[in-house]
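Step one of this worksheet: look at the structure below.
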Amino acid sequence: MSGHSHWATIKRKKGASDAKRGQIYTRLTREIVMAAREGGGDMDSNFRLRLAVEKARDQNMPKENIERAVKRGTGESKDGAAFEEIYYEGYGPNGVALIIECVTENRNRTVAELRHMLSRLGGNLGEAGSVGWQFKRIAFFSVASSDFDKIFELAVEGGADDVSQDEDSIEIIAPVESFKKIIDLLRAAGVTVEEAGLRMIPNQEMELSVEDTLQAMRAIETIEDLDDVQNVFSNLRISDEAVAAMEAE
């Protein structure tokens with residue numbers, strides 16, 4: 001995951017410098033709504049909501065916007081259209097498999113935009129199940145800690161499959177059913193969780209040349225910029241060379 005993580009860091013920095021504030025708020029609002037709908041409006045018991053709200057606060061999202069999004073999710077407020085979470089499957093340039101997570105109030109608009117964008121980028125939108133078999137759903141955690149041994153012990157106790165460390169953080173990959181147990185263990189130990197959620201990871205990564213990798217990375221970023229898109233998961237292997245080339249752009 002390290003290449004993907006470094007790329008995510010670059011994208012966050014670029015997003016901050018581009019000041020795409022309106023788009024950021026839209027995405028954060030939808031994440032808060034879906035989190036509150038799924039687990040309720042109590043941040044102490046709903047960790048997905050707690051993380052979504054913390055992300056919104058980090059982006060200086062107004063308090064009233066956050067509260068309004070939570071109420072929409074719990075059903076206390078009927079303000080605005082109802083959102084739904086949908087996953088689409090397809091291919092990007094060079095045959096890279098994609099699973100695209102969307103939150104939308106108009107699925108006809110979303111699918112039309114995705115089909116048009118993928119076609120323009122040299123890919124195509126597939127049927128349900130066309131690439132899903134190449135991925136598995138996992139629980140993912142990124143924590144800010146330099147104490148690898150401590151995090152490793154907590155992760156293993158919680159049922160994790162893999163724990164890795166890079167210069168910035170420690171990442172944990174675990175079965176979906178271990179999500180709550182690991183979160184509870186990390187919180188009880190006072191560990192700062194920077195990111196936690198469910199992700200799709202490929203069973204096998206596709207390795208391309210640096211040039212083709214960059215083309216696929218740019219395409220994924222373009223898809224991520226669509227208003228209804230929350231996340232894009234791919235089977236692309238992102239090498240250190242590709243990350244360095246992207247960072248230099």
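By order of appearance in the structure tokens: chains A, B, ..., then residues from 1 within every chain, and ligands from 1 in the order shown.
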Check the DSSP output for the backbone and give back, as a ChimeraX atom specification, the residues of region 6-247 of chain A in helix (DSSP H, G or I).
/A:6-18,21-39,47-58,63-74,93-95,107-120,132-134,148-158,176-188,210-224,240-247
Selection: 12 Å around region 65-74 of chain A, only C-alpha atoms, excl. self and same-chain fewer than 2 positions, as a PyMOL selection string:
chain A and resi 25-43+46+48-50+52-63+76-84
Which residues come within 12 Å of Asp149 (chain A), counting only C-alpha atoms, excluding same-chain residues fewer than 5 positions away, as number ranges by chain?
A: 154-156, 163-165, 170
Quick one: of A:Phe152, A:Phe47, A:Tyr91, A:Phe179, who's nearest to Glu127 (chain A), counting only C-alpha atoms?
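The closest residue to Glu127 (chain A) is A:Tyr91.
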Show me, as JSON, numbers by chain, the residues that have an atom within 7 Å of Tyr88 (chain A) when counting only C-alpha atoms, minus same-chain residues fewer than 2 positions from it.
{"A": [86, 90, 99, 100, 101, 128]}
So which residues of region 19-229 of chain A fall under strand (DSSP E) by DSSP, listed as an NGL selection string?
:A and (84-91 or 97-104 or 124-125 or 135-144 or 162-165 or 170-174 or 192-202 or 229)
Mind dumping the selected residues with C-alpha atoms as a compact mmCIF listing (two decimals), in the first residue's frame?
```
# COMPACT_ATOMS: atom_id res chain seq x y z
CA GLU A 84 -27.19 6.65 -1.78
CA GLU A 85 -23.85 4.88 -1.86
CA ILE A 86 -23.10 2.98 -5.09
CA TYR A 87 -20.07 1.13 -6.44
CA TYR A 88 -19.33 1.08 -10.19
CA GLU A 89 -16.81 -1.13 -11.98
CA GLY A 90 -14.81 -0.56 -15.13
CA TYR A 91 -11.45 -0.11 -16.77
CA ALA A 97 -9.26 -2.33 -13.30
CA LEU A 98 -11.28 0.24 -11.33
CA ILE A 99 -13.90 0.17 -8.61
CA ILE A 100 -15.45 3.60 -8.18
CA GLU A 101 -17.25 4.49 -4.95
CA CYS A 102 -19.92 7.14 -5.40
CA VAL A 103 -22.40 8.95 -3.19
CA THR A 104 -25.19 10.49 -5.23
CA ASN A 124 -14.95 1.96 -20.24
CA LEU A 125 -17.64 1.38 -17.64
CA PHE A 135 -10.60 -7.23 -5.45
CA LYS A 136 -11.34 -7.98 -1.82
CA ARG A 137 -12.78 -5.69 0.84
CA ILE A 138 -10.54 -5.03 3.83
CA ALA A 139 -10.41 -2.83 6.92
CA PHE A 140 -7.65 -0.24 6.64
CA PHE A 141 -6.08 1.89 9.36
CA SER A 142 -3.35 4.51 9.29
CA VAL A 143 -2.01 5.64 12.66
CA ALA A 144 0.42 8.35 13.70
CA ASP A 162 -0.65 -7.16 7.96
CA VAL A 163 1.12 -4.24 9.66
CA SER A 164 3.64 -2.05 7.83
CA GLN A 165 5.54 1.15 8.58
CA ILE A 170 1.95 2.79 10.42
CA GLU A 171 -0.66 1.02 8.29
CA ILE A 172 -2.83 -1.91 9.33
CA ILE A 173 -4.78 -4.22 7.03
CA ALA A 174 -7.35 -6.52 8.56
CA THR A 192 -4.08 8.65 17.16
CA VAL A 193 -5.95 7.15 14.20
CA GLU A 194 -5.43 9.30 11.11
CA GLU A 195 -7.56 7.20 8.79
CA ALA A 196 -9.82 4.20 9.19
CA GLY A 197 -12.35 2.64 6.90
CA LEU A 198 -13.21 -0.12 4.47
CA ARG A 199 -11.29 -0.32 1.21
CA MET A 200 -11.09 -2.50 -1.86
CA ILE A 201 -7.63 -3.86 -2.59
CA PRO A 202 -6.59 -5.97 -5.60
CA VAL A 229 -17.08 10.22 -6.67
```
Have a look at CA of Val232 (chain A) and CA of Ile220 (chain A) and let me know their distance in Å, one decimal.
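These atoms are spaced 6.9 Å apart.
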